[in-house]
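Printed here is structure08.txt (compact mmCIF, N, CA and C atoms):
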```txt
# COMPACT_ATOMS: atom_id res chain seq x y z
N MET A 168 73.67 127.84 69.57
CA MET A 168 74.87 127.64 70.35
C MET A 168 74.48 127.32 71.79
N ALA A 169 75.08 126.32 72.35
CA ALA A 169 74.76 125.88 73.71
C ALA A 169 75.38 126.82 74.73
N ASP A 170 74.69 126.94 75.88
CA ASP A 170 75.23 127.74 76.98
C ASP A 170 76.40 127.00 77.60
N ARG A 171 77.38 127.76 78.06
CA ARG A 171 78.55 127.17 78.73
C ARG A 171 78.23 126.95 80.19
N ASP A 172 78.82 125.91 80.77
CA ASP A 172 78.58 125.57 82.17
C ASP A 172 79.46 126.35 83.13
N ASP A 173 80.44 127.07 82.61
CA ASP A 173 81.36 127.78 83.51
C ASP A 173 81.47 129.24 83.08
N ASP A 174 82.20 130.00 83.87
CA ASP A 174 82.37 131.42 83.59
C ASP A 174 83.71 131.72 82.95
N MET A 175 84.43 130.70 82.48
CA MET A 175 85.73 130.91 81.88
C MET A 175 85.56 131.57 80.51
N PRO A 176 86.25 132.68 80.30
CA PRO A 176 86.17 133.35 79.00
C PRO A 176 86.73 132.45 77.89
N LEU A 177 86.17 132.57 76.72
CA LEU A 177 86.65 131.79 75.58
C LEU A 177 88.13 132.09 75.34
N GLY A 178 88.88 131.07 75.03
CA GLY A 178 90.29 131.23 74.72
C GLY A 178 91.20 131.21 75.93
N GLU A 179 90.66 131.26 77.15
CA GLU A 179 91.49 131.21 78.35
C GLU A 179 91.93 129.78 78.61
N LYS A 180 93.21 129.63 78.96
CA LYS A 180 93.76 128.31 79.23
C LYS A 180 93.17 127.73 80.51
N LEU A 181 92.81 126.48 80.44
CA LEU A 181 92.33 125.75 81.60
C LEU A 181 93.55 125.29 82.40
N SER A 182 93.56 125.58 83.70
CA SER A 182 94.67 125.09 84.52
C SER A 182 94.11 124.13 85.56
N ILE A 183 94.86 123.09 85.78
CA ILE A 183 94.46 122.06 86.73
C ILE A 183 95.50 122.01 87.83
N ASP A 184 95.06 122.03 89.07
CA ASP A 184 95.95 121.91 90.22
C ASP A 184 95.53 120.68 91.02
N PRO A 185 96.26 119.58 90.85
CA PRO A 185 95.89 118.34 91.55
C PRO A 185 96.42 118.26 92.97
N THR A 186 96.87 119.36 93.54
CA THR A 186 97.52 119.34 94.85
C THR A 186 96.67 118.66 95.91
N ARG A 187 95.40 119.04 95.99
CA ARG A 187 94.53 118.47 97.03
C ARG A 187 94.39 116.97 96.86
N GLU A 188 94.18 116.52 95.63
CA GLU A 188 94.00 115.09 95.38
C GLU A 188 95.28 114.31 95.69
N VAL A 189 96.41 114.87 95.30
CA VAL A 189 97.69 114.21 95.57
C VAL A 189 97.94 114.14 97.08
N ASP A 190 97.68 115.23 97.78
CA ASP A 190 97.85 115.22 99.24
C ASP A 190 96.95 114.18 99.90
N GLU A 191 95.71 114.09 99.45
CA GLU A 191 94.79 113.10 100.02
C GLU A 191 95.28 111.68 99.76
N LEU A 192 95.79 111.44 98.57
CA LEU A 192 96.31 110.12 98.22
C LEU A 192 97.49 109.75 99.12
N PHE A 193 98.42 110.69 99.31
CA PHE A 193 99.57 110.41 100.16
C PHE A 193 99.16 110.27 101.62
N ASP A 194 98.15 111.03 102.06
CA ASP A 194 97.64 110.86 103.43
C ASP A 194 97.10 109.45 103.63
N GLU A 195 96.35 108.97 102.65
CA GLU A 195 95.80 107.61 102.73
C GLU A 195 96.90 106.56 102.74
N LEU A 196 97.91 106.76 101.89
CA LEU A 196 99.03 105.81 101.83
C LEU A 196 99.80 105.81 103.15
N THR A 197 100.01 106.99 103.72
CA THR A 197 100.69 107.09 105.00
C THR A 197 99.91 106.36 106.10
N THR A 198 98.61 106.59 106.12
CA THR A 198 97.76 105.90 107.10
C THR A 198 97.85 104.39 106.93
N LEU A 199 97.80 103.93 105.69
CA LEU A 199 97.89 102.50 105.40
C LEU A 199 99.23 101.93 105.88
N LEU A 200 100.32 102.65 105.62
CA LEU A 200 101.64 102.16 106.00
C LEU A 200 101.89 102.21 107.50
N LYS A 201 101.01 102.87 108.24
CA LYS A 201 101.11 102.91 109.71
C LYS A 201 100.18 101.88 110.36
N ASN A 202 99.36 101.21 109.57
CA ASN A 202 98.44 100.21 110.09
C ASN A 202 99.25 98.98 110.52
N PRO A 203 99.07 98.54 111.77
CA PRO A 203 99.87 97.40 112.26
C PRO A 203 99.73 96.13 111.42
N ASP A 204 98.54 95.87 110.89
CA ASP A 204 98.37 94.68 110.05
C ASP A 204 99.17 94.81 108.75
N VAL A 205 99.19 95.99 108.19
CA VAL A 205 99.95 96.23 106.95
C VAL A 205 101.44 96.15 107.25
N VAL A 206 101.87 96.75 108.35
CA VAL A 206 103.28 96.69 108.74
C VAL A 206 103.71 95.23 108.89
N GLY A 207 102.88 94.43 109.55
CA GLY A 207 103.19 93.01 109.72
C GLY A 207 103.31 92.27 108.40
N ALA A 208 102.36 92.52 107.51
CA ALA A 208 102.37 91.85 106.20
C ALA A 208 103.60 92.26 105.39
N LEU A 209 103.94 93.54 105.45
CA LEU A 209 105.13 94.00 104.72
C LEU A 209 106.40 93.42 105.33
N SER A 210 106.45 93.38 106.65
CA SER A 210 107.63 92.84 107.33
C SER A 210 107.87 91.38 106.95
N GLU A 211 106.79 90.63 106.83
CA GLU A 211 106.92 89.22 106.42
C GLU A 211 107.57 89.09 105.03
N ARG A 212 107.40 90.13 104.22
CA ARG A 212 107.98 90.13 102.87
C ARG A 212 109.34 90.83 102.83
N GLY A 213 109.85 91.21 104.00
CA GLY A 213 111.15 91.86 104.06
C GLY A 213 111.11 93.33 103.70
N ILE A 214 109.94 93.94 103.81
CA ILE A 214 109.78 95.35 103.49
C ILE A 214 109.71 96.13 104.79
N ASN A 215 110.57 97.13 104.94
CA ASN A 215 110.59 97.96 106.13
C ASN A 215 109.60 99.11 105.95
N ALA A 216 108.55 99.13 106.76
CA ALA A 216 107.50 100.13 106.63
C ALA A 216 108.02 101.54 106.89
N SER A 217 109.00 101.67 107.77
CA SER A 217 109.56 103.00 108.04
C SER A 217 110.27 103.55 106.81
N LEU A 218 110.98 102.69 106.11
CA LEU A 218 111.61 103.14 104.86
C LEU A 218 110.57 103.47 103.80
N ALA A 219 109.50 102.68 103.77
CA ALA A 219 108.43 102.97 102.81
C ALA A 219 107.79 104.32 103.12
N LEU A 220 107.61 104.62 104.41
CA LEU A 220 107.05 105.92 104.79
C LEU A 220 107.98 107.07 104.39
N LEU A 221 109.29 106.87 104.56
CA LEU A 221 110.24 107.89 104.16
C LEU A 221 110.22 108.08 102.63
N ALA A 222 110.05 106.99 101.90
CA ALA A 222 109.94 107.09 100.44
C ALA A 222 108.68 107.87 100.05
N VAL A 223 107.60 107.66 100.78
CA VAL A 223 106.37 108.42 100.54
C VAL A 223 106.62 109.90 100.81
N ASP A 224 107.29 110.19 101.93
CA ASP A 224 107.61 111.59 102.25
C ASP A 224 108.45 112.23 101.16
N GLY A 225 109.43 111.48 100.68
CA GLY A 225 110.30 112.01 99.62
C GLY A 225 109.55 112.26 98.33
N THR A 226 108.68 111.34 97.98
CA THR A 226 107.89 111.51 96.76
C THR A 226 106.91 112.67 96.91
N ARG A 227 106.31 112.78 98.08
CA ARG A 227 105.39 113.91 98.34
C ARG A 227 106.15 115.23 98.24
N ALA A 228 107.34 115.29 98.81
CA ALA A 228 108.14 116.52 98.73
C ALA A 228 108.48 116.86 97.29
N TYR A 229 108.83 115.85 96.51
CA TYR A 229 109.16 116.08 95.09
C TYR A 229 107.96 116.65 94.33
N LEU A 230 106.80 116.05 94.55
CA LEU A 230 105.60 116.51 93.85
C LEU A 230 105.17 117.90 94.31
N ALA A 231 105.57 118.29 95.52
CA ALA A 231 105.27 119.63 96.03
C ALA A 231 106.31 120.65 95.58
N GLY A 232 107.36 120.17 94.92
CA GLY A 232 108.39 121.06 94.41
C GLY A 232 109.57 121.24 95.34
N ASP A 233 109.59 120.54 96.47
CA ASP A 233 110.70 120.64 97.42
C ASP A 233 111.74 119.59 97.05
N LYS A 234 112.50 119.90 96.01
CA LYS A 234 113.43 118.92 95.46
C LYS A 234 114.59 118.59 96.40
N ALA A 235 115.03 119.55 97.20
CA ALA A 235 116.12 119.28 98.13
C ALA A 235 115.68 118.26 99.19
N GLN A 236 114.49 118.45 99.75
CA GLN A 236 113.98 117.50 100.74
C GLN A 236 113.73 116.14 100.11
N ALA A 237 113.20 116.15 98.89
CA ALA A 237 112.94 114.90 98.18
C ALA A 237 114.25 114.15 97.95
N ALA A 238 115.26 114.86 97.51
CA ALA A 238 116.55 114.21 97.25
C ALA A 238 117.12 113.62 98.53
N ASP A 239 117.02 114.36 99.63
CA ASP A 239 117.54 113.87 100.91
C ASP A 239 116.79 112.62 101.36
N ASP A 240 115.46 112.68 101.34
CA ASP A 240 114.66 111.53 101.79
C ASP A 240 114.89 110.32 100.90
N LEU A 241 114.83 110.51 99.60
CA LEU A 241 114.96 109.38 98.68
C LEU A 241 116.39 108.82 98.66
N ARG A 242 117.37 109.69 98.86
CA ARG A 242 118.76 109.23 98.97
C ARG A 242 118.90 108.34 100.20
N THR A 243 118.33 108.76 101.31
CA THR A 243 118.39 107.97 102.54
C THR A 243 117.75 106.60 102.34
N VAL A 244 116.59 106.59 101.70
CA VAL A 244 115.90 105.32 101.43
C VAL A 244 116.78 104.42 100.56
N ALA A 245 117.34 104.97 99.50
CA ALA A 245 118.18 104.18 98.59
C ALA A 245 119.41 103.63 99.33
N GLU A 246 120.05 104.48 100.13
CA GLU A 246 121.23 104.04 100.86
C GLU A 246 120.89 102.93 101.86
N GLU A 247 119.78 103.08 102.55
CA GLU A 247 119.36 102.06 103.52
C GLU A 247 119.05 100.73 102.84
N ILE A 248 118.35 100.78 101.74
CA ILE A 248 118.01 99.54 101.01
C ILE A 248 119.29 98.89 100.49
N GLU A 249 120.17 99.69 99.89
CA GLU A 249 121.43 99.14 99.38
C GLU A 249 122.26 98.52 100.51
N GLY A 250 122.32 99.20 101.64
CA GLY A 250 123.08 98.69 102.78
C GLY A 250 122.51 97.39 103.30
N ARG A 251 121.20 97.30 103.37
CA ARG A 251 120.56 96.07 103.85
C ARG A 251 120.80 94.92 102.88
N LEU A 252 120.79 95.22 101.60
CA LEU A 252 121.06 94.17 100.60
C LEU A 252 122.52 93.73 100.68
N LYS A 253 123.40 94.69 100.81
CA LYS A 253 124.83 94.39 100.82
C LYS A 253 125.22 93.55 102.03
N PHE A 254 124.65 93.86 103.17
CA PHE A 254 125.03 93.16 104.39
C PHE A 254 124.07 92.05 104.77
N GLY A 255 123.15 91.75 103.88
CA GLY A 255 122.26 90.63 104.10
C GLY A 255 121.24 90.85 105.21
N ASN A 256 120.96 92.11 105.54
CA ASN A 256 119.99 92.39 106.60
C ASN A 256 118.56 92.48 106.08
N ASP A 257 118.39 92.28 104.81
CA ASP A 257 117.07 92.40 104.22
C ASP A 257 116.79 91.12 103.44
N PRO A 258 115.83 90.32 103.87
CA PRO A 258 115.56 89.08 103.13
C PRO A 258 115.08 89.40 101.72
N PRO A 259 115.37 88.53 100.76
CA PRO A 259 114.91 88.77 99.40
C PRO A 259 113.39 88.79 99.35
N SER A 260 112.83 89.65 98.48
CA SER A 260 111.37 89.69 98.35
C SER A 260 110.88 88.54 97.49
N ALA A 261 109.65 88.18 97.76
CA ALA A 261 109.06 87.06 97.02
C ALA A 261 108.57 87.48 95.67
```
Please, can you express the file's structure as structure tokens?
Amino acid sequence: MADRDDDMPLGEKLSIDPTREVDELFDELTTLLKNPDVVGALSERGINASLALLAVDGTRAYLAGDKAQAADDLRTVAEEIEGRLKFGNDPPSA
């Protein structure tokens, strides 16, 4: 019988907590969405970087279990996008 690489007792459930990895991913995405070159490229396509950042915040809140904050942030994003489409303030995406 081969030696085990960990100290987990046999039969114990393995639990995975991806919190750190998810936080790092959202930190990178936030940094990217604040980069002036990225903001410019998104703007050319009719994408509002501030709304994208709020969507990131809402998704991050949801994944952290803060559903009320997530609902508020994502509702705001949806309302803003719908309003811009309705009033023609947002050019169609390519």
request  = In Å, rounded to a single decimal, give me how far atom CA of A:Thr226 is from atom C of A:Leu209.
outcome  = 20.1 Å
Between stretch 193-258 of chain A and stretch 175-188 of chain A, at 8 Å or less, what are the per-residue closest atom pairs and their distances in Å? Count only N, CA and C atoms, order by chain and rising residue number, and return it as CSV.
```
residue,atom,partner,partner_atom,distance
A:Phe193,N,A:Glu188,C,6.0
A:Asp194,N,A:Glu188,C,7.7
A:Leu230,C,A:Thr186,CA,7.8
A:Ala231,CA,A:Thr186,CA,7.8
```
Writer output for current selection, N, CA and C atoms, as an mmCIF file, in the frame of the given file:
```
data_model
loop_
_atom_site.group_PDB
_atom_site.id
_atom_site.type_symbol
_atom_site.label_atom_id
_atom_site.label_comp_id
_atom_site.auth_asym_id
_atom_site.auth_seq_id
_atom_site.Cartn_x
_atom_site.Cartn_y
_atom_site.Cartn_z
ATOM 1 N N PHE A 193 98.420 110.690 99.310
ATOM 2 C CA PHE A 193 99.570 110.410 100.160
ATOM 3 C C PHE A 193 99.160 110.270 101.620
ATOM 4 N N ASP A 194 98.150 111.030 102.060
ATOM 5 C CA ASP A 194 97.640 110.860 103.430
ATOM 6 C C ASP A 194 97.100 109.450 103.630
ATOM 7 N N LEU A 230 106.800 116.050 94.550
ATOM 8 C CA LEU A 230 105.600 116.510 93.850
ATOM 9 C C LEU A 230 105.170 117.900 94.310
ATOM 10 N N ALA A 231 105.570 118.290 95.520
ATOM 11 C CA ALA A 231 105.270 119.630 96.030
ATOM 12 C C ALA A 231 106.310 120.650 95.580
#
```
task = In Å, rounded to a single decimal, give me how far atom N of A:Tyr229 is from atom C of A:Ala245.
result = 16.4 Å
request  = Measure the distance from atom C of A:Ile214 to atom N of A:Val244 in Å and round it to one decimal.
outcome  =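 Atom-to-atom, atom C of A:Ile214 and atom N of A:Val244 are spaced 12.9 Å apart.
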ask   = Skipping near chain neighbours, those fewer than 6 positions away, what residues fall within 9 Å of stretch 201-206 of chain A using only C-alpha atoms, listed as a PyMOL selection string?
value = chain A and resi 214-217+220
Box dimensions and centre (Å, one decimal) enclosing stretch 188-201 of chain A, axis-aligned, 5 Å extra per side, as JSON:
```
{"center_x": 97.9, "center_y": 109.2, "center_z": 102.8, "size_x": 17.9, "size_y": 24.6, "size_z": 25.1}
```
key: Using all atoms listed in the file: which of A:Arg227, A:Leu252, A:Ala208, A:Ala222 has the shortest distance to A:Asp240   =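 Of A:Arg227, A:Leu252, A:Ala208, A:Ala222, the one nearest A:Asp240, counting all atoms listed in the file, is A:Ala222.
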